[in-house]
$ cat structure_9.txt   # compact mmCIF, C-alpha atoms
# COMPACT_ATOMS: atom_id res chain seq x y z
CA MET A 8 -9.09 68.71 -20.91
CA THR A 9 -12.74 69.57 -20.76
CA THR A 10 -14.16 70.06 -17.30
CA HIS A 11 -17.81 70.18 -16.43
CA SER A 12 -19.56 71.73 -13.50
CA ILE A 13 -20.45 69.42 -10.67
CA ALA A 14 -21.62 70.54 -7.28
CA ARG A 15 -18.70 70.90 -4.90
CA PRO A 16 -18.57 68.02 -2.46
CA GLU A 17 -19.87 69.57 0.73
CA GLU A 18 -21.10 68.28 4.03
CA PRO A 19 -22.77 70.04 6.95
CA SER A 20 -19.34 70.97 8.26
CA GLU A 21 -16.74 71.02 5.58
CA ASP A 22 -13.97 71.43 8.16
CA ALA A 23 -14.92 68.11 9.74
CA ALA A 24 -15.11 66.45 6.35
CA VAL A 25 -11.71 67.81 5.40
CA ASP A 26 -10.21 66.57 8.67
CA ARG A 27 -11.67 63.12 8.17
CA ALA A 28 -10.50 62.95 4.56
CA ARG A 29 -7.02 64.16 5.42
CA ARG A 30 -6.68 61.47 8.08
CA LYS A 31 -7.52 58.90 5.42
CA GLU A 32 -4.98 60.46 3.11
CA HIS A 33 -2.28 60.09 5.77
CA ARG A 34 -3.22 56.41 6.07
CA LEU A 35 -3.04 56.11 2.29
CA GLN A 36 0.46 57.56 2.28
CA ALA A 37 1.52 55.09 4.96
CA TRP A 38 -0.06 52.27 2.96
CA LEU A 39 1.91 53.32 -0.12
CA ARG A 40 5.16 53.60 1.83
CA ASP A 41 4.63 50.04 3.07
CA ARG A 42 4.44 48.83 -0.55
CA ARG A 43 7.56 50.87 -1.51
CA SER A 44 6.73 50.94 -5.23
CA VAL A 45 3.53 50.69 -7.29
CA LEU A 46 2.18 50.22 -10.77
CA LEU A 47 -1.19 51.91 -11.11
CA GLY A 48 -3.91 51.16 -13.66
CA PHE A 49 -4.52 54.74 -14.78
CA SER A 50 -7.59 55.92 -16.67
CA GLY A 51 -7.37 59.62 -15.88
CA GLY A 52 -10.69 59.42 -14.06
CA VAL A 53 -11.32 61.06 -10.68
CA ASP A 54 -10.04 58.17 -8.55
CA SER A 55 -6.97 57.04 -10.44
CA ALA A 56 -5.84 60.62 -11.04
CA TYR A 57 -5.96 61.32 -7.31
CA LEU A 58 -4.20 58.07 -6.46
CA ALA A 59 -1.47 58.72 -9.05
CA CYS A 60 -0.78 62.18 -7.64
CA VAL A 61 -0.59 60.94 -4.04
CA ALA A 62 1.59 57.98 -5.05
CA VAL A 63 4.10 60.16 -6.87
CA GLU A 64 4.22 62.63 -4.01
CA THR A 65 4.68 59.85 -1.44
CA LEU A 66 7.02 57.47 -3.23
CA GLY A 67 8.67 59.65 -5.85
CA ALA A 68 8.39 59.29 -9.62
CA GLN A 69 11.04 56.57 -9.71
CA ARG A 70 8.85 54.21 -7.70
CA CYS A 71 5.58 54.78 -9.53
CA LEU A 72 4.33 53.90 -12.94
CA ALA A 73 0.84 54.78 -14.17
CA VAL A 74 -0.25 52.61 -17.07
CA ILE A 75 -3.01 53.57 -19.48
CA GLY A 76 -4.71 50.69 -21.27
CA ARG A 77 -5.91 51.98 -24.63
CA SER A 78 -8.62 50.50 -26.80
CA ALA A 79 -11.70 51.60 -28.72
CA SER A 80 -13.73 51.52 -25.52
CA TYR A 81 -11.56 54.22 -23.92
CA PRO A 82 -12.70 57.72 -24.92
CA ALA A 83 -10.06 59.85 -26.62
CA GLU A 84 -11.09 62.84 -24.52
CA GLN A 85 -10.34 60.92 -21.35
CA TRP A 86 -7.01 59.77 -22.71
CA GLU A 87 -6.07 63.40 -23.39
CA GLY A 88 -7.17 64.29 -19.86
CA ALA A 89 -5.08 61.49 -18.37
CA ARG A 90 -2.00 62.68 -20.19
CA ASP A 91 -2.61 66.26 -19.08
CA ILE A 92 -2.85 65.19 -15.44
CA ALA A 93 0.32 63.12 -15.74
CA ARG A 94 2.21 66.04 -17.27
CA GLN A 95 0.93 68.50 -14.70
CA PHE A 96 1.78 66.34 -11.67
CA GLY A 97 4.91 64.59 -12.90
CA VAL A 98 3.36 61.14 -13.05
CA PRO A 99 5.40 58.68 -15.18
CA VAL A 100 3.05 57.13 -17.72
CA LEU A 101 3.21 54.15 -20.00
CA GLU A 102 0.56 53.28 -22.56
CA THR A 103 -0.32 49.80 -23.64
CA ALA A 104 -2.91 48.63 -26.13
CA THR A 105 -5.52 46.27 -24.77
CA GLU A 106 -7.50 43.94 -27.00
CA GLU A 107 -10.64 43.15 -25.08
CA LEU A 108 -12.75 43.69 -28.21
CA ASP A 109 -10.99 40.74 -29.81
CA ASP A 110 -12.27 38.51 -27.02
CA PRO A 111 -15.62 37.09 -28.14
CA ARG A 112 -16.68 36.73 -24.52
CA TYR A 113 -16.31 40.48 -24.10
CA ALA A 114 -17.68 41.45 -27.51
CA ALA A 115 -20.88 39.46 -26.90
CA ASN A 116 -21.55 41.97 -24.10
CA PRO A 117 -22.77 39.77 -21.26
CA THR A 118 -23.63 41.33 -17.90
CA ASN A 119 -20.15 40.40 -16.63
CA ARG A 120 -18.45 42.03 -19.65
CA CYS A 121 -16.25 44.14 -17.37
CA TYR A 122 -14.68 40.98 -15.99
CA PHE A 123 -13.17 40.11 -19.38
CA CYS A 124 -11.94 43.66 -19.95
CA LYS A 125 -10.24 43.94 -16.58
CA SER A 126 -8.87 40.44 -16.90
CA GLU A 127 -7.22 41.47 -20.19
CA LEU A 128 -5.85 44.64 -18.59
CA TRP A 129 -4.43 43.06 -15.45
CA HIS A 130 -2.96 40.11 -17.35
CA ARG A 131 -0.84 42.72 -19.13
CA LEU A 132 -0.08 44.95 -16.17
CA VAL A 133 0.81 42.40 -13.49
CA PRO A 134 3.72 40.88 -15.50
CA LEU A 135 4.80 44.40 -16.45
CA ALA A 136 5.07 45.32 -12.76
CA ARG A 137 7.19 42.22 -12.18
CA GLU A 138 9.49 43.09 -15.09
CA ARG A 139 9.97 46.59 -13.77
CA GLY A 140 10.49 45.53 -10.17
CA LEU A 141 7.41 47.34 -8.93
CA ALA A 142 6.12 45.72 -5.75
CA ALA A 143 2.36 46.27 -5.96
CA VAL A 144 -0.25 46.67 -8.65
CA ILE A 145 -3.06 49.01 -7.63
CA ASP A 146 -6.23 50.54 -9.02
CA GLY A 147 -8.50 53.46 -8.15
CA THR A 148 -11.56 51.55 -6.95
CA ASN A 149 -13.10 53.47 -4.04
CA ALA A 150 -15.32 52.33 -1.18
CA ASP A 151 -18.54 53.45 -2.91
CA ASP A 152 -17.71 51.21 -5.85
CA LEU A 153 -17.92 48.13 -3.67
CA THR A 154 -21.71 48.45 -3.44
CA GLY A 155 -22.30 48.46 -7.20
CA HIS A 156 -22.41 45.87 -9.96
CA ARG A 157 -18.66 45.57 -10.61
CA PRO A 158 -17.72 42.26 -12.17
CA GLY A 159 -14.38 43.80 -13.12
CA ALA A 160 -13.38 43.81 -9.46
CA ARG A 161 -13.25 40.02 -9.46
CA ALA A 162 -10.58 40.02 -12.17
CA ALA A 163 -8.52 42.42 -10.08
CA ARG A 164 -8.81 40.23 -7.00
CA GLU A 165 -7.85 37.09 -8.95
CA LEU A 166 -4.62 38.71 -10.07
CA GLY A 167 -3.72 40.23 -6.72
CA VAL A 168 -4.45 43.83 -7.69
CA GLU A 169 -4.99 45.99 -4.62
CA SER A 170 -7.46 48.85 -4.21
CA PRO A 171 -6.14 51.12 -1.45
CA LEU A 172 -8.88 53.73 -1.74
CA ALA A 173 -11.54 51.09 -1.16
CA GLU A 174 -9.49 49.32 1.50
CA LEU A 175 -9.04 52.54 3.47
CA GLY A 176 -12.68 53.57 3.09
CA PHE A 177 -12.38 56.57 0.76
CA THR A 178 -15.77 57.59 -0.60
CA LYS A 179 -16.09 59.22 -4.01
CA ALA A 180 -16.97 62.50 -2.30
CA GLU A 181 -13.77 62.32 -0.26
CA VAL A 182 -11.69 61.63 -3.36
CA ARG A 183 -13.27 64.67 -5.02
CA LEU A 184 -12.71 66.80 -1.93
CA LEU A 185 -9.05 65.82 -1.56
CA SER A 186 -8.52 66.29 -5.29
CA ARG A 187 -9.95 69.79 -5.05
CA LEU A 188 -7.67 70.62 -2.11
CA ARG A 189 -4.67 69.41 -4.14
CA GLY A 190 -5.72 71.34 -7.24
CA ILE A 191 -6.24 68.21 -9.31
CA PRO A 192 -8.67 69.33 -12.02
CA THR A 193 -10.52 66.01 -12.10
CA TRP A 194 -12.20 66.85 -8.77
CA GLN A 195 -15.20 68.17 -10.67
CA GLN A 196 -15.05 65.80 -13.61
CA PRO A 197 -18.15 63.65 -14.12
CA SER A 198 -17.60 59.92 -13.74
CA SER A 199 -16.57 58.54 -17.08
CA PRO A 200 -16.82 54.78 -17.45
CA CYS A 201 -15.79 53.06 -20.64
CA LEU A 202 -17.81 53.52 -23.82
CA SER A 203 -19.02 49.92 -23.80
CA SER A 204 -21.26 50.87 -20.89
CA ARG A 205 -23.43 52.72 -23.44
CA ILE A 206 -24.38 49.51 -25.23
CA PRO A 207 -27.17 47.35 -23.76
CA TYR A 208 -26.14 43.95 -22.46
CA GLY A 209 -26.57 41.31 -25.12
CA THR A 210 -25.93 43.76 -27.97
CA ALA A 211 -22.50 43.13 -29.44
CA VAL A 212 -19.78 45.67 -28.71
CA THR A 213 -18.02 46.69 -31.92
CA PRO A 214 -15.49 49.43 -32.68
CA GLU A 215 -18.02 51.08 -35.02
CA ARG A 216 -20.69 51.30 -32.33
CA LEU A 217 -18.23 52.63 -29.77
CA ARG A 218 -17.05 55.20 -32.27
CA ALA A 219 -20.62 56.36 -32.98
CA VAL A 220 -21.30 56.80 -29.26
CA GLU A 221 -18.04 58.64 -28.72
CA LEU A 222 -18.65 60.98 -31.66
CA ALA A 223 -22.18 61.71 -30.50
CA GLU A 224 -21.07 62.55 -26.97
CA ARG A 225 -18.27 64.74 -28.26
CA ALA A 226 -20.70 66.58 -30.56
CA LEU A 227 -23.08 67.16 -27.65
CA ARG A 228 -20.24 68.56 -25.54
CA ALA A 229 -19.32 70.86 -28.42
CA LEU A 230 -22.94 72.00 -28.50
CA GLY A 231 -22.69 73.05 -24.87
CA VAL A 232 -24.08 70.08 -22.93
CA ARG A 233 -22.62 70.15 -19.42
CA GLY A 234 -22.34 67.71 -16.54
CA ASP A 235 -23.29 64.05 -16.72
CA LEU A 236 -23.98 62.81 -20.22
CA ARG A 237 -24.44 59.40 -21.77
CA VAL A 238 -25.44 58.47 -25.29
CA ARG A 239 -26.97 55.00 -25.06
CA TYR A 240 -26.89 52.86 -28.16
CA HIS A 241 -30.16 51.29 -29.35
CA GLY A 242 -29.36 50.43 -32.95
CA GLU A 243 -30.39 53.32 -35.19
CA LEU A 244 -31.71 55.19 -32.16
CA ALA A 245 -29.53 57.09 -29.70
CA ARG A 246 -31.02 57.66 -26.26
CA VAL A 247 -29.42 60.66 -24.61
CA GLU A 248 -29.27 60.87 -20.81
CA LEU A 249 -28.55 64.30 -19.33
CA GLY A 250 -27.89 65.16 -15.71
CA GLY A 251 -29.25 67.83 -13.40
CA ASP A 252 -30.81 70.91 -14.96
CA GLU A 253 -29.53 70.03 -18.39
CA LEU A 254 -32.53 67.84 -19.18
CA ALA A 255 -34.99 70.72 -18.71
CA ARG A 256 -32.76 73.00 -20.76
CA TRP A 257 -32.54 70.64 -23.72
CA LEU A 258 -36.19 69.60 -23.60
CA ALA A 259 -37.04 73.09 -24.87
CA PRO A 260 -38.41 72.49 -28.38
CA GLU A 261 -36.23 75.19 -29.94
CA ARG A 262 -33.14 73.15 -29.01
CA HIS A 263 -34.28 69.84 -30.48
CA ALA A 264 -32.99 70.48 -33.99
CA ALA A 265 -29.47 71.15 -32.71
CA LEU A 266 -29.50 67.94 -30.66
CA ARG A 267 -30.77 65.96 -33.64
CA ALA A 268 -28.07 67.37 -35.87
CA ALA A 269 -25.28 66.72 -33.36
CA VAL A 270 -26.20 63.11 -32.68
CA GLY A 271 -27.33 62.46 -36.24
CA GLY A 272 -23.89 63.53 -37.44
CA ALA A 273 -22.44 60.60 -35.52
CA GLY A 274 -24.52 58.19 -37.57
CA PHE A 275 -27.73 57.77 -35.57
CA ALA A 276 -30.93 58.06 -37.61
CA ARG A 277 -33.10 58.74 -34.55
CA VAL A 278 -32.45 60.66 -31.36
CA ALA A 279 -34.42 60.48 -28.12
CA LEU A 280 -34.02 62.29 -24.79
CA ASP A 281 -34.42 60.10 -21.74
CA LEU A 282 -37.12 61.74 -19.63
CA ARG A 283 -35.68 60.48 -16.35
CA GLY A 284 -32.28 61.93 -17.17
CA PHE A 285 -28.88 60.53 -16.34
CA ARG A 286 -28.77 57.36 -14.30
CA SER A 287 -25.52 55.62 -13.52
CA GLY A 288 -25.96 51.99 -14.51
CA SER A 289 -29.06 52.83 -16.53
CA LEU A 290 -28.49 49.88 -18.85
CA ASN A 291 -28.22 47.54 -15.89
CA VAL A 292 -31.85 48.36 -15.17
CA LEU A 293 -32.83 48.01 -18.82
CA GLY A 294 -30.94 44.74 -19.08
CA GLY A 295 -32.67 43.35 -16.03
CA VAL A 296 -29.53 43.31 -13.87
CA SER A 297 -31.59 43.89 -10.77
CA LEU A 298 -30.36 40.86 -8.93
CA PRO A 299 -29.93 40.87 -5.16
CA VAL A 300 -26.41 42.17 -5.55
CA LEU A 301 -27.91 45.42 -6.83
CA ALA A 302 -30.80 45.71 -4.42
CA GLY A 303 -30.55 49.05 -2.71
CA ALA A 304 -27.13 49.67 -4.17
CA ALA A 305 -25.83 52.25 -6.56
CA MET A 306 -25.23 50.79 -9.97
CA SER A 307 -22.02 52.05 -11.21
CA ASP A 308 -20.91 50.62 -14.49
CA GLY A 309 -21.81 53.76 -16.29
CA MET B 17 -36.25 39.21 -25.86
CA THR B 18 -38.56 36.41 -26.91
CA GLY B 19 -41.36 36.92 -29.40
CA ASP B 20 -43.84 36.68 -26.54
CA GLY B 21 -41.87 39.29 -24.62
CA ALA B 22 -41.85 41.63 -27.60
CA ALA B 23 -45.60 41.19 -28.04
CA SER B 24 -46.13 41.83 -24.37
CA TYR B 25 -44.21 45.09 -24.50
CA ALA B 26 -45.99 46.12 -27.69
CA ALA B 27 -49.29 45.61 -25.89
CA ARG B 28 -48.05 47.60 -22.93
CA ALA B 29 -46.97 50.37 -25.29
CA ALA B 30 -50.49 50.61 -26.68
CA LEU B 31 -51.87 50.84 -23.14
CA LEU B 32 -49.29 53.44 -22.20
CA GLU B 33 -50.23 55.45 -25.26
CA GLY B 34 -53.82 55.60 -23.99
CA ALA B 35 -52.70 56.46 -20.47
CA LEU B 36 -50.53 59.30 -21.75
CA ARG B 37 -53.46 60.61 -23.76
CA SER B 38 -55.45 60.79 -20.53
CA ILE B 39 -52.93 63.32 -19.17
CA GLY B 40 -53.02 65.35 -22.35
CA VAL B 41 -50.08 63.87 -24.23
CA ASP B 42 -50.97 62.82 -27.77
CA CYS B 43 -48.25 60.55 -29.01
CA ALA B 44 -47.27 57.18 -30.37
CA VAL B 45 -45.31 54.84 -28.10
CA GLU B 46 -42.79 52.36 -29.43
CA ALA B 47 -41.60 49.58 -27.12
CA ARG B 48 -38.01 48.39 -27.16
CA ASP B 49 -37.94 45.88 -24.37
CA ARG B 50 -38.29 47.93 -21.17
CA LEU B 51 -37.63 51.18 -23.01
CA ALA B 52 -40.69 53.13 -24.21
CA VAL B 53 -39.95 55.66 -26.93
CA VAL B 54 -42.52 58.43 -27.19
CA VAL B 55 -43.06 59.91 -30.64
CA PRO B 56 -44.88 63.15 -29.84
CA GLN B 57 -47.42 65.18 -31.73
CA ARG B 58 -46.31 68.33 -29.87
CA ALA B 59 -42.67 68.92 -28.97
CA GLU B 60 -43.56 70.99 -25.88
CA ASP B 61 -45.56 68.27 -24.11
CA PHE B 62 -42.74 67.30 -21.76
CA THR B 63 -41.35 70.71 -20.87
CA ASP B 64 -43.72 70.84 -17.88
CA PRO B 65 -41.99 68.93 -15.06
CA THR B 66 -45.28 67.94 -13.45
CA ARG B 67 -46.51 66.32 -16.63
CA ARG B 68 -43.11 64.72 -17.14
CA GLU B 69 -43.28 63.16 -13.69
CA ALA B 70 -46.80 61.93 -14.39
CA ALA B 71 -45.65 60.35 -17.66
CA LEU B 72 -42.73 58.65 -15.94
CA ARG B 73 -45.05 57.29 -13.28
CA LEU B 74 -47.37 55.91 -15.98
CA ALA B 75 -44.45 54.32 -17.81
CA THR B 76 -43.35 52.57 -14.63
CA GLU B 77 -46.90 51.39 -13.97
CA HIS B 78 -46.95 49.87 -17.45
CA GLY B 79 -43.71 47.96 -16.85
CA PHE B 80 -41.20 50.23 -18.55
CA THR B 81 -37.96 51.15 -16.80
CA HIS B 82 -37.11 53.89 -19.30
CA LEU B 83 -39.13 56.55 -21.10
CA ALA B 84 -37.55 58.61 -23.84
CA LEU B 85 -38.88 61.41 -26.02
CA GLU B 86 -37.92 61.10 -29.66
CA LEU B 87 -36.81 64.43 -31.08
CA VAL B 88 -38.72 64.40 -34.33
CA ASP B 89 -38.77 67.15 -36.88
CA LEU B 90 -42.46 67.90 -36.37
CA ALA B 91 -42.52 70.90 -38.68
CA GLY B 92 -40.86 68.89 -41.42
CA ALA B 93 -43.20 65.98 -40.85
CA ARG B 94 -46.22 68.28 -41.03
CA ARG B 95 -44.95 69.81 -44.25
CA ALA B 96 -44.44 66.34 -45.68
CA GLY B 97 -47.88 65.35 -44.38
CA ARG B 98 -49.47 68.24 -46.25
CA ASP B 99 -47.63 67.15 -49.39
CA ASP B 100 -48.52 63.48 -49.35
CA GLY B 101 -51.20 63.12 -46.71
CA ALA B 102 -48.95 60.97 -44.51
CA ALA B 103 -49.43 61.04 -40.76
CA LEU B 104 -46.62 61.11 -38.23
CA ARG B 105 -45.10 57.72 -37.69
CA ARG B 106 -47.07 55.80 -35.11
CA ASP B 107 -45.36 52.40 -35.09

$ encode --input "structure_9.txt" --output "structure tokens"
Amino acid sequence: MTTHSIARPEEPSEDAAVDRARRKEHRLQAWLRDRRSVLLGFSGGVDSAYLACVAVETLGAQRCLAVIGRSASYPAEQWEGARDIARQFGVPVLETATEELDDPRYAANPTNRCYFCKSELWHRLVPLARERGLAAVIDGTNADDLTGHRPGARAARELGVESPLAELGFTKAEVRLLSRLRGIPTWQQPSSPCLSSRIPYGTAVTPERLRAVELAERALRALGVRGDLRVRYHGELARVELGGDELARWLAPERHAALRAAVGGAGFARVALDLRGFRSGSLNVLGGVSLPVLAGAAMSDG
Amino acid sequence: MTGDGAASYAARAALLEGALRSIGVDCAVEARDRLAVVVPQRAEDFTDPTRREAALRLATEHGFTHLALELVDLAGARRAGRDDGAALRRD
């Protein structure tokens, strides 16, 4: 799995932060013991990887099942990472294909697109949990996520999916900190939402467009781009968002040809560097999703 | 976006182009809804963080939420320009 450098989660006193986070982890273990057995929606991202590891440690592998929903919107690199984590920490994994792209309500890419995706996922996973005798269905939503534009969370609520990290008040920084203390390599992994988040609302999501975005991002990683990275789809033009110091590094004119070649190889005729750099939820802003629900909140769909 | 909206952003792009010129950035600006794509005459114009910040501020003032620098092959375009007299794209 590729890892990328992200600043270590630190607070004025790391000891105090560790104590606070560990207390939450003890509550999480108690929460899991109360449920007795769980099926976890598992993407291999920072949150679900941490939750899978704690669940297996607390309940044992017999009482846990991590399910990966695979489709064209799920990056292959993340899938490989998820499988690596599962192997390393003894997490039982099942893969199931999801078909959100076949749903015209999803493919039309409305601002609540994530609702249709998660609805498809949980409609598969909730019956699966019942079949297998697993008492609870859980996901890795954390407390920070609750402030963002997350229409997918509604689908989870409708189907009774629980979010223990959010319920117990885990912040993303705490999940990263606890992951680091446990040696889970995702602690420093950039957030990695689904590939559809690279396509502006109202522009149809197709397998070909997702593939172009995925190839472009992979080519940029191979070129040496580190940290947060998004290739946003604008028809023949790819707009590249880079995080931290990477923007200044790649704005150097002598690097432009390499960027053009990498992204051009994925099928984009034009390549542009976003001068503001990486912004989570950048396309929410572009798409005018600046409704009250987002006022003052982090936008977090990618 | 409606036709009126597209026209509005095209007009804003023209204004932004002038505003960027006033801070020393010669370029063409293409509007794509709230995204302004800058097609530069000099690739190094945005390496200076102060100028970059100024450009971002101007873009916001002109109603754009995003400003992106197109990575054009300026040397190739200049060579082609010498061959056929064509200027850099300014649409």

$ residues_around --input "structure_9.txt" --residues "stretch 88-103 of chain A" --least-positions-apart "4" --cutoff "12 Å" --atoms "all atoms listed in the file" --output "PDB file with C-alpha atoms, keeping the file's coordinate frame"
ATOM      1  CA  MET A   8      -9.090  68.710 -20.910  1.00  0.00           C
ATOM      2  CA  THR A   9     -12.740  69.570 -20.760  1.00  0.00           C
ATOM      3  CA  THR A  10     -14.160  70.060 -17.300  1.00  0.00           C
ATOM      4  CA  VAL A  45       3.530  50.690  -7.290  1.00  0.00           C
ATOM      5  CA  LEU A  46       2.180  50.220 -10.770  1.00  0.00           C
ATOM      6  CA  LEU A  47      -1.190  51.910 -11.110  1.00  0.00           C
ATOM      7  CA  GLY A  48      -3.910  51.160 -13.660  1.00  0.00           C
ATOM      8  CA  PHE A  49      -4.520  54.740 -14.780  1.00  0.00           C
ATOM      9  CA  SER A  50      -7.590  55.920 -16.670  1.00  0.00           C
ATOM     10  CA  GLY A  51      -7.370  59.620 -15.880  1.00  0.00           C
ATOM     11  CA  GLY A  52     -10.690  59.420 -14.060  1.00  0.00           C
ATOM     12  CA  VAL A  53     -11.320  61.060 -10.680  1.00  0.00           C
ATOM     13  CA  ASP A  54     -10.040  58.170  -8.550  1.00  0.00           C
ATOM     14  CA  SER A  55      -6.970  57.040 -10.440  1.00  0.00           C
ATOM     15  CA  ALA A  56      -5.840  60.620 -11.040  1.00  0.00           C
ATOM     16  CA  TYR A  57      -5.960  61.320  -7.310  1.00  0.00           C
ATOM     17  CA  LEU A  58      -4.200  58.070  -6.460  1.00  0.00           C
ATOM     18  CA  ALA A  59      -1.470  58.720  -9.050  1.00  0.00           C
ATOM     19  CA  CYS A  60      -0.780  62.180  -7.640  1.00  0.00           C
ATOM     20  CA  VAL A  61      -0.590  60.940  -4.040  1.00  0.00           C
ATOM     21  CA  ALA A  62       1.590  57.980  -5.050  1.00  0.00           C
ATOM     22  CA  VAL A  63       4.100  60.160  -6.870  1.00  0.00           C
ATOM     23  CA  GLU A  64       4.220  62.630  -4.010  1.00  0.00           C
ATOM     24  CA  THR A  65       4.680  59.850  -1.440  1.00  0.00           C
ATOM     25  CA  LEU A  66       7.020  57.470  -3.230  1.00  0.00           C
ATOM     26  CA  GLY A  67       8.670  59.650  -5.850  1.00  0.00           C
ATOM     27  CA  ALA A  68       8.390  59.290  -9.620  1.00  0.00           C
ATOM     28  CA  GLN A  69      11.040  56.570  -9.710  1.00  0.00           C
ATOM     29  CA  ARG A  70       8.850  54.210  -7.700  1.00  0.00           C
ATOM     30  CA  CYS A  71       5.580  54.780  -9.530  1.00  0.00           C
ATOM     31  CA  LEU A  72       4.330  53.900 -12.940  1.00  0.00           C
ATOM     32  CA  ALA A  73       0.840  54.780 -14.170  1.00  0.00           C
ATOM     33  CA  VAL A  74      -0.250  52.610 -17.070  1.00  0.00           C
ATOM     34  CA  ILE A  75      -3.010  53.570 -19.480  1.00  0.00           C
ATOM     35  CA  GLY A  76      -4.710  50.690 -21.270  1.00  0.00           C
ATOM     36  CA  ARG A  77      -5.910  51.980 -24.630  1.00  0.00           C
ATOM     37  CA  SER A  78      -8.620  50.500 -26.800  1.00  0.00           C
ATOM     38  CA  TYR A  81     -11.560  54.220 -23.920  1.00  0.00           C
ATOM     39  CA  PRO A  82     -12.700  57.720 -24.920  1.00  0.00           C
ATOM     40  CA  ALA A  83     -10.060  59.850 -26.620  1.00  0.00           C
ATOM     41  CA  GLU A  84     -11.090  62.840 -24.520  1.00  0.00           C
ATOM     42  CA  GLU A 127      -7.220  41.470 -20.190  1.00  0.00           C
ATOM     43  CA  LEU A 128      -5.850  44.640 -18.590  1.00  0.00           C
ATOM     44  CA  TRP A 129      -4.430  43.060 -15.450  1.00  0.00           C
ATOM     45  CA  HIS A 130      -2.960  40.110 -17.350  1.00  0.00           C
ATOM     46  CA  ARG A 131      -0.840  42.720 -19.130  1.00  0.00           C
ATOM     47  CA  LEU A 132      -0.080  44.950 -16.170  1.00  0.00           C
ATOM     48  CA  LEU A 135       4.800  44.400 -16.450  1.00  0.00           C
ATOM     49  CA  ALA A 136       5.070  45.320 -12.760  1.00  0.00           C
ATOM     50  CA  ARG A 139       9.970  46.590 -13.770  1.00  0.00           C
ATOM     51  CA  SER A 186      -8.520  66.290  -5.290  1.00  0.00           C
ATOM     52  CA  ARG A 189      -4.670  69.410  -4.140  1.00  0.00           C
ATOM     53  CA  GLY A 190      -5.720  71.340  -7.240  1.00  0.00           C
ATOM     54  CA  ILE A 191      -6.240  68.210  -9.310  1.00  0.00           C
ATOM     55  CA  PRO A 192      -8.670  69.330 -12.020  1.00  0.00           C
ATOM     56  CA  THR A 193     -10.520  66.010 -12.100  1.00  0.00           C
ATOM     57  CA  TRP A 194     -12.200  66.850  -8.770  1.00  0.00           C
ATOM     58  CA  GLN A 196     -15.050  65.800 -13.610  1.00  0.00           C
ATOM     59  CA  SER A 199     -16.570  58.540 -17.080  1.00  0.00           C
TER      60      SER A 199
END

$ interface_residues --input "structure_9.txt" --of "chain B" --to "chain A" --cutoff "10 Å" --atoms "all atoms listed in the file" --output "PyMOL selection string"
chain B and resi 17+48-55+58-65+68-69+71-72+80-89

$ atom_distance --input "structure_9.txt" --atom1 "atom CA of A:Pro197" --atom2 "atom CA of A:Asp235"
5.8 Å

$ atom_distance --input "structure_9.txt" --atom1 "atom CA of A:Thr213" --atom2 "atom CA of A:Asp110"
11.1 Å

$ closest_residue --input "structure_9.txt" --among "A:Ala162, A:Ala143, A:Leu188, A:Ala114" --to "A:Asp41" --atoms "all atoms listed in the file"
A:Ala143

$ axis_aligned_box --input "structure_9.txt" --around "stretch 32-37 of chain A" --padding-each-side "8 Å" --output "AutoDock Vina command-line options"
--center_x -1.7 --center_y 57.8 --center_z 4.2 --size_x 22.5 --size_y 21.4 --size_z 19.8

$ atom_distance --input "structure_9.txt" --atom1 "atom CA of A:Phe123" --atom2 "atom CA of A:Val238"
22.9 Å

$ closest_residue --input "structure_9.txt" --among "A:Ile145, A:Ala268, A:Ala160, A:Ala115" --to "A:Ala223" --atoms "only C-alpha atoms"
A:Ala268

$ build_atoms --input "structure_9.txt" --residues "stretch 283-291 of chain A" --atoms "N, CA and C atoms" --output "PDB file, in the coordinates of the input"
ATOM      1  N   ARG A 283     -36.104  60.599 -17.742  1.00  0.00           N
ATOM      2  CA  ARG A 283     -35.680  60.480 -16.350  1.00  0.00           C
ATOM      3  C   ARG A 283     -34.295  61.115 -16.165  1.00  0.00           C
ATOM      4  N   GLY A 284     -33.607  61.333 -17.246  1.00  0.00           N
ATOM      5  CA  GLY A 284     -32.280  61.930 -17.170  1.00  0.00           C
ATOM      6  C   GLY A 284     -31.210  60.908 -16.872  1.00  0.00           C
ATOM      7  N   PHE A 285     -30.029  61.411 -16.548  1.00  0.00           N
ATOM      8  CA  PHE A 285     -28.880  60.530 -16.340  1.00  0.00           C
ATOM      9  C   PHE A 285     -29.085  59.607 -15.148  1.00  0.00           C
ATOM     10  N   ARG A 286     -28.801  58.339 -15.390  1.00  0.00           N
ATOM     11  CA  ARG A 286     -28.770  57.360 -14.300  1.00  0.00           C
ATOM     12  C   ARG A 286     -27.533  56.511 -14.474  1.00  0.00           C
ATOM     13  N   SER A 287     -26.675  56.502 -13.467  1.00  0.00           N
ATOM     14  CA  SER A 287     -25.520  55.620 -13.520  1.00  0.00           C
ATOM     15  C   SER A 287     -26.023  54.180 -13.531  1.00  0.00           C
ATOM     16  N   GLY A 288     -25.509  53.379 -14.439  1.00  0.00           N
ATOM     17  CA  GLY A 288     -25.960  51.990 -14.510  1.00  0.00           C
ATOM     18  C   GLY A 288     -27.323  51.832 -15.141  1.00  0.00           C
ATOM     19  N   SER A 289     -27.733  52.845 -15.910  1.00  0.00           N
ATOM     20  CA  SER A 289     -29.060  52.830 -16.530  1.00  0.00           C
ATOM     21  C   SER A 289     -29.313  51.545 -17.326  1.00  0.00           C
ATOM     22  N   LEU A 290     -28.286  51.073 -18.021  1.00  0.00           N
ATOM     23  CA  LEU A 290     -28.490  49.880 -18.850  1.00  0.00           C
ATOM     24  C   LEU A 290     -28.511  48.606 -18.014  1.00  0.00           C
ATOM     25  N   ASN A 291     -28.034  48.688 -16.778  1.00  0.00           N
ATOM     26  CA  ASN A 291     -28.220  47.540 -15.890  1.00  0.00           C
ATOM     27  C   ASN A 291     -29.705  47.326 -15.636  1.00  0.00           C
TER      28      ASN A 291
END
